[in-house]
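Shown here: input.cif, mmCIF, C-alpha atoms and all ligand atoms.
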data_input
loop_
_atom_site.label_atom_id
_atom_site.label_comp_id
_atom_site.auth_asym_id
_atom_site.auth_seq_id
_atom_site.Cartn_x
_atom_site.Cartn_y
_atom_site.Cartn_z
CA MET A 64 9.16 44.34 51.34
CA LYS A 65 7.65 47.52 52.69
CA THR A 66 5.32 49.65 50.56
CA VAL A 67 4.90 53.40 50.95
CA TYR A 68 1.47 54.73 50.00
CA SER A 69 -0.52 57.95 50.52
CA PRO A 70 -4.29 58.34 50.05
CA LEU A 71 -3.71 61.94 48.91
CA HIS A 72 -3.12 60.69 45.35
CA ALA A 73 -6.90 60.30 45.08
CA GLY A 74 -7.52 64.04 44.79
CA HIS A 75 -5.91 63.91 41.34
CA ALA A 76 -9.15 62.64 39.80
CA GLY A 77 -11.51 63.41 36.98
CA THR A 78 -8.74 64.59 34.66
CA MET A 79 -9.25 64.92 30.91
CA GLU A 80 -6.84 64.13 28.10
CA LEU A 81 -6.65 64.63 24.38
CA MET A 82 -6.43 61.43 22.36
CA SER A 83 -7.12 60.68 18.71
CA GLY A 84 -8.81 64.05 18.31
CA ALA A 85 -11.15 63.65 21.27
CA ILE A 86 -11.19 64.92 24.82
CA MET A 87 -11.69 61.91 27.04
CA PRO A 88 -11.34 60.85 30.68
CA GLY A 89 -7.69 60.45 31.71
CA PHE A 90 -6.25 56.93 31.67
CA GLU A 91 -4.07 57.85 34.63
CA LYS A 92 -6.80 57.55 37.28
CA PRO A 93 -7.03 56.90 41.04
CA SER A 94 -8.18 53.28 40.78
CA ARG A 95 -4.70 52.40 39.48
CA ALA A 96 -3.07 53.04 42.86
CA GLU A 97 -5.99 51.60 44.83
CA ILE A 98 -5.90 48.30 42.94
CA ILE A 99 -2.13 48.00 43.39
CA LYS A 100 -2.50 48.71 47.12
CA ALA A 101 -5.24 46.08 47.42
CA ARG A 102 -2.95 43.53 45.74
CA VAL A 103 -0.06 44.43 48.06
CA GLU A 104 -2.44 43.58 50.91
CA SER A 105 -3.92 40.39 49.48
CA GLU A 106 -0.47 39.07 48.52
CA LYS A 107 0.88 40.02 51.97
CA LEU A 108 3.88 41.72 50.40
CA GLY A 109 4.60 43.46 53.70
CA PRO A 110 3.61 46.50 55.76
CA ILE A 111 2.11 49.57 54.07
CA LEU A 112 3.56 52.75 55.52
CA ALA A 113 2.35 56.34 55.28
CA PRO A 114 4.96 58.73 53.89
CA GLU A 115 6.82 61.23 56.04
CA VAL A 116 6.24 64.82 54.91
CA HIS A 117 9.32 66.39 53.31
CA ASP A 118 10.19 69.88 52.18
CA LEU A 119 10.88 70.37 48.48
CA ALA A 120 14.66 70.75 48.72
CA ALA A 121 15.30 67.28 47.24
CA ALA A 122 12.95 68.02 44.33
CA LYS A 123 14.92 71.18 43.57
CA ARG A 124 18.14 69.12 43.31
CA VAL A 125 16.87 67.71 39.99
CA HIS A 126 14.22 70.24 38.96
CA LYS A 127 14.53 73.98 38.42
CA ALA A 128 13.35 75.88 41.49
CA ASP A 129 11.01 78.13 39.50
CA TYR A 130 9.33 75.06 37.96
CA ILE A 131 8.74 73.43 41.36
CA ASP A 132 7.47 76.73 42.80
CA PHE A 133 5.04 77.05 39.87
CA LEU A 134 3.28 73.72 40.45
CA PRO A 135 1.28 74.59 43.61
CA THR A 136 0.14 77.88 42.04
CA VAL A 137 -1.52 76.36 38.98
CA TYR A 138 -4.96 75.43 40.20
CA PRO A 139 -5.51 78.42 42.50
CA GLU A 140 -4.63 80.70 39.55
CA TRP A 141 -6.87 78.68 37.22
CA GLU A 142 -9.80 79.11 39.64
CA ALA A 143 -9.02 82.81 40.08
CA LEU A 144 -9.59 83.12 36.32
CA GLY A 145 -13.08 81.73 36.88
CA ARG A 146 -12.27 78.36 35.32
CA SER A 147 -13.00 74.79 36.43
CA GLY A 148 -12.21 71.31 35.10
CA SER A 149 -8.66 70.44 33.99
CA ALA A 150 -5.98 73.12 33.65
CA ILE A 151 -4.17 72.19 30.43
CA PRO A 152 -1.73 74.18 28.25
CA TYR A 153 -2.27 74.76 24.56
CA THR A 154 0.87 76.56 23.26
CA TRP A 155 4.51 75.47 23.51
CA PRO A 156 7.89 77.10 22.76
CA THR A 157 9.01 74.72 20.01
CA ARG A 158 11.77 75.26 17.39
CA GLY A 159 11.93 78.84 16.17
CA LEU A 160 10.12 80.26 19.18
CA ARG A 161 11.64 81.67 22.36
CA GLY A 162 11.92 79.37 25.35
CA ASP A 163 13.96 81.70 27.54
CA VAL A 164 11.23 84.18 28.50
CA VAL A 165 8.65 83.02 31.05
CA PRO A 166 5.23 84.47 30.18
CA ALA A 167 3.41 86.42 32.88
CA THR A 168 0.00 84.77 32.67
CA LEU A 169 -1.13 81.25 33.48
CA ASP A 170 -1.79 79.87 29.98
CA GLY A 171 1.65 80.99 28.86
CA LYS A 172 3.32 79.58 31.96
CA LEU A 173 1.55 76.24 31.54
CA GLY A 174 3.01 75.99 28.04
CA HIS A 175 6.47 77.13 29.15
CA TYR A 176 6.62 74.49 31.88
CA SER A 177 5.42 71.51 29.81
CA PHE A 178 6.10 69.57 26.60
CA ASP A 179 2.57 68.32 25.94
CA ALA A 180 -1.05 68.61 27.08
CA GLY A 181 -0.75 65.39 29.08
CA ALA A 182 -0.27 66.72 32.59
CA PRO A 183 -3.61 68.26 33.60
CA PHE A 184 -4.31 69.92 36.95
CA VAL A 185 -7.51 69.59 38.94
CA LYS A 186 -8.16 70.84 42.46
CA GLY A 187 -6.32 68.00 44.22
CA THR A 188 -3.44 67.65 41.77
CA TRP A 189 -0.76 69.52 43.68
CA GLU A 190 -1.51 67.61 46.91
CA ALA A 191 -1.23 64.36 44.91
CA ILE A 192 2.07 65.42 43.32
CA LYS A 193 3.43 66.36 46.74
CA SER A 194 2.27 63.07 48.27
CA SER A 195 3.91 61.10 45.44
CA TYR A 196 7.16 62.95 46.18
CA ASP A 197 6.80 62.23 49.90
CA VAL A 198 6.19 58.56 49.05
CA VAL A 199 9.39 58.24 47.02
CA MET A 200 11.45 60.12 49.59
CA THR A 201 10.19 57.83 52.35
CA GLY A 202 10.89 54.75 50.24
CA ALA A 203 14.40 55.99 49.48
CA LYS A 204 15.06 56.47 53.18
CA LEU A 205 13.99 52.87 53.89
CA VAL A 206 16.56 51.59 51.40
CA LYS A 207 19.24 53.95 52.68
CA ASN A 208 18.60 52.67 56.21
CA GLY A 209 19.25 49.11 55.17
CA GLU A 210 16.12 47.60 53.62
CA ARG A 211 17.04 45.26 50.76
CA ALA A 212 14.19 46.78 48.74
CA ALA A 213 11.16 49.05 49.08
CA PHE A 214 8.14 49.87 46.94
CA ALA A 215 7.21 53.55 46.48
CA LEU A 216 3.61 53.35 45.27
CA CYS A 217 3.82 56.72 43.55
CA ARG A 218 0.88 58.35 41.84
CA PRO A 219 1.09 60.49 39.76
CA PRO A 220 4.11 58.93 38.00
CA GLY A 221 7.27 60.88 37.19
CA HIS A 222 9.57 59.67 34.41
CA HIS A 223 8.38 62.08 31.68
CA ALA A 224 9.02 65.14 33.89
CA GLY A 225 12.30 66.92 33.13
CA ALA A 226 14.28 69.53 35.00
CA GLY A 227 11.88 72.28 33.98
CA PHE A 228 8.83 70.63 32.48
CA MET A 229 5.87 68.35 33.07
CA GLY A 230 4.07 66.11 30.57
CA GLY A 231 2.71 62.61 30.01
CA TYR A 232 0.89 62.38 33.38
CA CYS A 233 4.15 63.38 35.16
CA TYR A 234 5.04 66.46 37.25
CA ILE A 235 7.89 65.67 39.68
CA ASN A 236 10.32 62.98 38.52
CA ASN A 237 10.13 60.73 41.56
CA ALA A 238 12.81 58.26 40.38
CA ALA A 239 15.24 61.07 39.55
CA VAL A 240 14.61 62.73 42.91
CA ALA A 241 15.43 59.45 44.69
CA ALA A 242 18.58 58.85 42.62
CA GLN A 243 19.92 62.34 43.39
CA TRP A 244 18.97 61.97 47.07
CA PHE A 245 20.99 58.73 47.36
CA LEU A 246 24.00 60.56 45.87
CA ASP A 247 23.52 63.45 48.28
CA GLN A 248 23.49 60.93 51.12
CA GLY A 249 26.91 59.64 50.08
CA ALA A 250 26.29 57.08 47.32
CA LYS A 251 28.83 57.16 44.49
CA ARG A 252 26.80 55.72 41.61
CA ILE A 253 23.09 55.07 41.03
CA ALA A 254 21.44 53.16 38.20
CA ILE A 255 17.89 53.90 37.04
CA LEU A 256 16.34 50.96 35.19
CA ASP A 257 13.17 52.18 33.44
CA VAL A 258 10.96 49.27 32.36
CA ASP A 259 7.84 51.37 31.66
CA TYR A 260 6.51 50.97 28.11
CA HIS A 261 7.17 54.65 27.37
CA HIS A 262 10.62 56.21 27.15
CA GLY A 263 11.53 58.10 30.32
CA ASN A 264 12.48 61.28 28.52
CA GLY A 265 12.53 63.35 31.69
CA THR A 266 14.92 61.02 33.48
CA GLN A 267 17.19 60.93 30.42
CA GLU A 268 17.24 64.73 30.15
CA ILE A 269 18.02 65.25 33.84
CA PHE A 270 21.06 62.94 33.91
CA TYR A 271 22.21 63.08 30.28
CA ALA A 272 25.56 64.80 30.93
CA ARG A 273 26.37 62.90 34.12
CA ALA A 274 28.44 59.81 34.90
CA ASP A 275 27.13 59.30 38.44
CA VAL A 276 23.67 58.14 37.30
CA GLN A 277 23.42 55.39 34.70
CA VAL A 278 20.02 55.52 32.95
CA LEU A 279 18.76 52.40 31.13
CA ASN A 280 15.45 52.57 29.29
CA LEU A 281 13.40 49.79 27.58
CA HIS A 282 10.52 51.27 25.61
CA GLY A 283 8.38 51.58 22.51
CA ASP A 284 10.46 52.97 19.64
CA PRO A 285 9.98 56.76 19.56
CA MET A 286 9.79 56.60 15.75
CA VAL A 287 6.27 55.25 16.29
CA GLU A 288 5.41 55.83 19.94
CA TYR A 289 4.96 58.57 22.53
CA PRO A 290 6.92 60.60 23.66
CA TYR A 291 8.26 60.59 20.04
CA PHE A 292 10.98 63.19 20.52
CA LEU A 293 13.53 61.30 22.62
CA GLY A 294 14.52 57.69 23.26
CA HIS A 295 16.48 56.62 20.16
CA ALA A 296 19.32 54.10 20.42
CA ASP A 297 22.00 56.63 19.45
CA GLU A 298 21.29 58.81 22.51
CA ASP A 299 24.10 57.57 24.73
CA GLY A 300 24.87 60.60 26.90
CA GLU A 301 27.03 63.66 26.39
CA GLY A 302 30.23 65.07 27.88
CA ALA A 303 31.03 63.33 31.16
CA GLY A 304 27.79 61.38 30.72
CA GLU A 305 28.85 59.76 27.45
CA GLY A 306 28.09 56.05 27.63
CA PHE A 307 25.92 56.33 30.73
CA ASN A 308 22.56 56.63 28.94
CA ILE A 309 21.40 53.42 27.32
CA ASN A 310 18.21 53.14 25.25
CA TYR A 311 16.46 50.01 24.00
CA PRO A 312 13.75 51.16 21.57
CA LEU A 313 11.59 48.14 20.67
CA PRO A 314 8.93 47.67 17.99
CA PHE A 315 5.17 47.41 18.38
CA GLY A 316 4.18 43.84 19.20
CA THR A 317 7.32 43.06 21.23
CA THR A 318 6.80 39.87 23.25
CA TRP A 319 8.62 38.50 26.30
CA GLU A 320 11.47 36.89 24.36
CA ALA A 321 12.71 40.08 22.70
CA TRP A 322 11.86 42.28 25.67
CA ASN A 323 13.75 39.94 27.99
CA ALA A 324 16.78 39.95 25.68
CA ALA A 325 16.91 43.74 26.09
CA LEU A 326 16.49 43.37 29.85
CA GLU A 327 19.39 40.90 29.96
CA ASP A 328 21.63 43.31 28.06
CA ALA A 329 20.58 46.16 30.36
CA CYS A 330 21.22 44.09 33.48
CA ALA A 331 24.71 43.15 32.23
CA LYS A 332 25.56 46.82 31.67
CA LEU A 333 24.04 47.75 35.00
CA ALA A 334 26.04 45.10 36.84
CA ALA A 335 29.24 46.30 35.15
CA TYR A 336 28.49 49.85 36.34
CA ALA A 337 28.26 48.49 39.91
CA PRO A 338 25.93 51.10 41.37
CA ASP A 339 25.29 51.46 45.09
CA VAL A 340 21.50 51.39 44.53
CA VAL A 341 19.14 50.48 41.68
CA VAL A 342 16.06 52.66 41.20
CA VAL A 343 13.48 50.82 39.09
CA SER A 344 10.99 52.98 37.20
CA LEU A 345 8.29 50.34 37.39
CA GLY A 346 5.69 50.66 34.66
CA VAL A 347 3.51 47.68 33.77
CA ASP A 348 2.05 49.21 30.60
CA THR A 349 4.14 46.66 28.65
CA PHE A 350 1.17 44.34 29.34
CA GLU A 351 -0.61 42.81 26.34
CA LYS A 352 -3.98 44.29 27.37
CA ASP A 353 -2.76 47.80 28.13
CA PRO A 354 -5.20 50.21 26.45
CA ILE A 355 -2.59 52.74 25.26
CA SER A 356 0.44 50.52 24.63
CA GLN A 357 1.64 48.00 22.04
CA PHE A 358 3.84 45.40 23.74
CA LYS A 359 2.67 41.87 24.49
CA LEU A 360 3.95 40.91 27.94
CA LYS A 361 1.73 38.53 29.92
CA SER A 362 0.96 38.51 33.63
CA GLY A 363 3.26 35.52 34.09
CA ASP A 364 6.19 37.57 32.78
CA TYR A 365 6.19 40.16 35.56
CA PRO A 366 7.55 37.88 38.33
CA LYS A 367 10.40 36.98 35.95
CA ILE A 368 11.30 40.68 35.68
CA GLY A 369 11.44 40.92 39.46
CA ALA A 370 13.52 37.75 39.76
CA ARG A 371 16.07 39.09 37.23
CA ILE A 372 16.37 42.39 39.07
CA ALA A 373 16.85 40.51 42.35
CA ARG A 374 19.80 38.64 40.83
CA LEU A 375 21.62 41.97 40.52
CA ASN A 376 21.91 41.62 44.31
CA LEU A 377 21.78 45.38 44.94
CA PRO A 378 19.65 47.58 47.20
CA THR A 379 16.57 48.34 45.11
CA LEU A 380 13.91 51.03 45.19
CA PHE A 381 10.86 50.29 43.06
CA VAL A 382 9.06 53.47 41.97
CA MET A 383 5.61 53.12 40.39
CA GLU A 384 5.25 54.67 36.94
CA GLY A 385 2.63 53.63 34.32
CA GLY A 386 0.16 50.83 33.64
CA TYR A 387 -3.39 51.45 32.47
CA ALA A 388 -5.02 48.02 32.27
CA VAL A 389 -6.46 48.60 35.73
CA ASP A 390 -8.08 45.17 36.12
CA GLU A 391 -4.64 43.52 36.01
CA ILE A 392 -2.41 46.37 37.25
CA GLY A 393 -2.25 44.94 40.79
CA VAL A 394 -1.40 41.43 39.64
CA ASN A 395 1.28 42.72 37.28
CA ALA A 396 2.94 45.36 39.48
CA VAL A 397 2.93 43.24 42.62
CA GLY A 398 4.00 40.26 40.48
CA VAL A 399 7.31 42.04 39.85
CA LEU A 400 7.75 42.52 43.58
CA THR A 401 6.89 38.97 44.67
CA GLY A 402 9.12 37.72 41.84
CA PHE A 403 11.90 39.88 43.29
CA GLU A 404 11.35 38.22 46.64
CA GLY A 405 11.56 34.79 45.05
CA ARG A 406 8.00 33.71 45.74
C1 LIG B 1 2.87 57.85 30.94
B1 LIG B 1 3.73 56.72 31.44
C2 LIG B 1 -2.55 60.80 24.31
C3 LIG B 1 -1.89 59.44 24.41
C4 LIG B 1 -0.53 59.54 25.00
C5 LIG B 1 0.63 59.94 27.07
C6 LIG B 1 1.04 58.66 27.68
C7 LIG B 1 1.81 58.91 28.94
C8 LIG B 1 2.31 57.64 29.57
N1 LIG B 1 -3.46 61.01 25.34
N2 LIG B 1 -0.61 59.88 26.36
O1 LIG B 1 4.94 56.56 30.74
O2 LIG B 1 3.07 55.46 31.53
ZN ZN B 2 4.24 54.40 30.35
#

Please go through the file and, once you have read it, give me the structure as structure tokens.
Ligand code: OKP
Ligand code: ZN
Amino acid sequence: MKTVYSPLHAGHAGTMELMSGAIMPGFEKPSRAEIIKARVESEKLGPILAPEVHDLAAAKRVHKADYIDFLPTVYPEWEALGRSGSAIPYTWPTRGLRGDVVPATLDGKLGHYSFDAGAPFVKGTWEAIKSSYDVVMTGAKLVKNGERAAFALCRPPGHHAGAGFMGGYCYINNAAVAAQWFLDQGAKRIAILDVDYHHGNGTQEIFYARADVQVLNLHGDPMVEYPYFLGHADEDGEGAGEGFNINYPLPFGTTWEAWNAALEDACAKLAAYAPDVVVVSLGVDTFEKDPISQFKLKSGDYPKIGARIARLNLPTLFVMEGGYAVDEIGVNAVGVLTGFEGR
């Protein structure tokens, strides 16, 4: 299959994050995409294409326009304040505070447009976000034009980003953008299968009241795992979307057998929905050696995931999300794709 990749992701580098009471280097780092790209090459998965440049209209179909317009302004405003390093918010409009008034200054806006301190900006962040969006748009077009499958090697990832907020390393929800774009091109139903270790809270929020996008999520139980505040089994959609959001929260220590049982159930529901296209939010942080995750999948399991998705026999867009065990991220991510291709 074809891969879409942009080197502009690499400007999103040297970020900092808060973990266990310490400021430390971000786990979501450029080597992730470089190692996946190198594995695509060494496994001869197929051609690697540069993305076409797109305007932001498709992003504004799933995100609020003011949120998208805010993103490119962050770092220039940060620098105008005489600051360097990572632009990170520190106050949020939680319960009991007002979320309907957008503050006038940068620190307030950063809090308004986020749900955590996990989406830092450095000088090259906006260009990386934009390139990741261009990558998914180009991958979506390949599938629309008849490719059986394509791999959007997105970085930064997207599934934690909601209609009006960033967080958890995510800014634009690449998978959601692609799903909406397929609908706007004439598709009737799209399924998003999110196999990243973390719940895709942004994707769930965006499509929660809709029947034209089925969202299936396998993830660490939010009772014990990030993003904590969404992803429970009783969240099944609302209004017209009732029944079209399906969550599989799983305990720490989940191994292939239990994870695969959830995947089988998800695939049965997906097949019954009969979508025109499957968008896979492809995270490989379910891996046993992932430094921030608690599942126990092994490298040999990833081709089996791809093979199961292939049996759905539907046009498929793979969109890269998480995975932080960088030494094995190429083997694991590309393992899904070669498994899909039956080799
Ligand atoms: C993004 B994706 C605090 C630990 C939690 C957020 C994890 C975001 C994962 N620094 N950090 O779903 O792989
Ligand atoms: Zn994740």

- Task: Give as a PyMOL selection string each residue that has an atom at most 9 Å from (5.6, 64.9, 45.9) in the file, counting only C-alpha atoms.
- Result: chain A and resi 117+119+122+189-200+217+219+234-237

Can you pull out every residue with an atom within 8 Å of ligand ZN 2 (chain B)? Use all atoms listed in the file and format it as a PDB file with C-alpha atoms, in the coordinates of the input.
ATOM      1  CA  ASP A 259       7.840  51.370  31.660  1.00  0.00           C
ATOM      2  CA  TYR A 260       6.510  50.970  28.110  1.00  0.00           C
ATOM      3  CA  HIS A 261       7.170  54.650  27.370  1.00  0.00           C
ATOM      4  CA  HIS A 262      10.620  56.210  27.150  1.00  0.00           C
ATOM      5  CA  GLY A 346       5.690  50.660  34.660  1.00  0.00           C
ATOM      6  CA  VAL A 347       3.510  47.680  33.770  1.00  0.00           C
ATOM      7  CA  ASP A 348       2.050  49.210  30.600  1.00  0.00           C
ATOM      8  CA  THR A 349       4.140  46.660  28.650  1.00  0.00           C
ATOM      9  CA  SER A 356       0.440  50.520  24.630  1.00  0.00           C
ATOM     10  CA  GLU A 384       5.250  54.670  36.940  1.00  0.00           C
ATOM     11  CA  GLY A 385       2.630  53.630  34.320  1.00  0.00           C
ATOM     12  CA  GLY A 386       0.160  50.830  33.640  1.00  0.00           C
TER      13      GLY A 386
END

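For the set A:Ser147, A:Asn310, A:Thr168, A:Thr78, the residue with the smallest atom-to-atom gap to ligand LIG 1 (chain B) is A:Thr78, counting only C-alpha atoms and all ligand atoms.
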
What does the list of residues within 9 Å of ligand LIG 1 (chain B) look like if you count all atoms listed in the file, written as a compact mmCIF listing (two decimals) with C-alpha atoms, keeping the file's coordinate frame?
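Contents of the output file pocket37.txt:
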# COMPACT_ATOMS: atom_id res chain seq x y z
CA MET A 79 -9.25 64.92 30.91
CA GLU A 80 -6.84 64.13 28.10
CA LEU A 81 -6.65 64.63 24.38
CA MET A 82 -6.43 61.43 22.36
CA SER A 83 -7.12 60.68 18.71
CA ILE A 86 -11.19 64.92 24.82
CA MET A 87 -11.69 61.91 27.04
CA GLY A 89 -7.69 60.45 31.71
CA PHE A 90 -6.25 56.93 31.67
CA GLU A 91 -4.07 57.85 34.63
CA ASP A 179 2.57 68.32 25.94
CA ALA A 180 -1.05 68.61 27.08
CA GLY A 181 -0.75 65.39 29.08
CA ALA A 182 -0.27 66.72 32.59
CA PRO A 220 4.11 58.93 38.00
CA GLY A 221 7.27 60.88 37.19
CA HIS A 222 9.57 59.67 34.41
CA HIS A 223 8.38 62.08 31.68
CA GLY A 230 4.07 66.11 30.57
CA GLY A 231 2.71 62.61 30.01
CA TYR A 232 0.89 62.38 33.38
CA CYS A 233 4.15 63.38 35.16
CA ASP A 259 7.84 51.37 31.66
CA TYR A 260 6.51 50.97 28.11
CA HIS A 261 7.17 54.65 27.37
CA HIS A 262 10.62 56.21 27.15
CA GLY A 263 11.53 58.10 30.32
CA GLU A 288 5.41 55.83 19.94
CA TYR A 289 4.96 58.57 22.53
CA PRO A 290 6.92 60.60 23.66
CA GLY A 346 5.69 50.66 34.66
CA VAL A 347 3.51 47.68 33.77
CA ASP A 348 2.05 49.21 30.60
CA ILE A 355 -2.59 52.74 25.26
CA SER A 356 0.44 50.52 24.63
CA GLU A 384 5.25 54.67 36.94
CA GLY A 385 2.63 53.63 34.32
CA GLY A 386 0.16 50.83 33.64
CA TYR A 387 -3.39 51.45 32.47

- Can you work out which one of A:Ala303, A:Ala296, A:Val103, A:Leu360 has the shortest atom-to-atom distance to A:Glu320, counting only C-alpha atoms?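 Using only C-alpha atoms, A:Glu320 sits closest to A:Leu360.
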
- Item | Residue contacts of A:Lys65 (12 Å, only C-alpha atoms) excluding same-chain residues fewer than 2 positions away, as number ranges by chain | A: 67-68, 100, 103-104, 107-114, 198, 201-206, 209-216, 379-381, 397, 400-401, 404

- A:Pro156 proximity check over A:Val116, A:Tyr138, A:Phe228, A:Arg124, using all atoms listed in the file: winner is A:Phe228

- Item | Among listed residues A:Tyr311, A:Arg218, A:Gly369, A:Val341, nearest A:Leu246 (using all atoms listed in the file) |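 That would be A:Val341, the residue with the smallest distance to A:Leu246.
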
- When distances are computed from only C-alpha atoms, which of A:Asp129, A:Gln248, A:Ser344, A:Phe178 shows the smallest separation from A:Asn208? A:Gln248
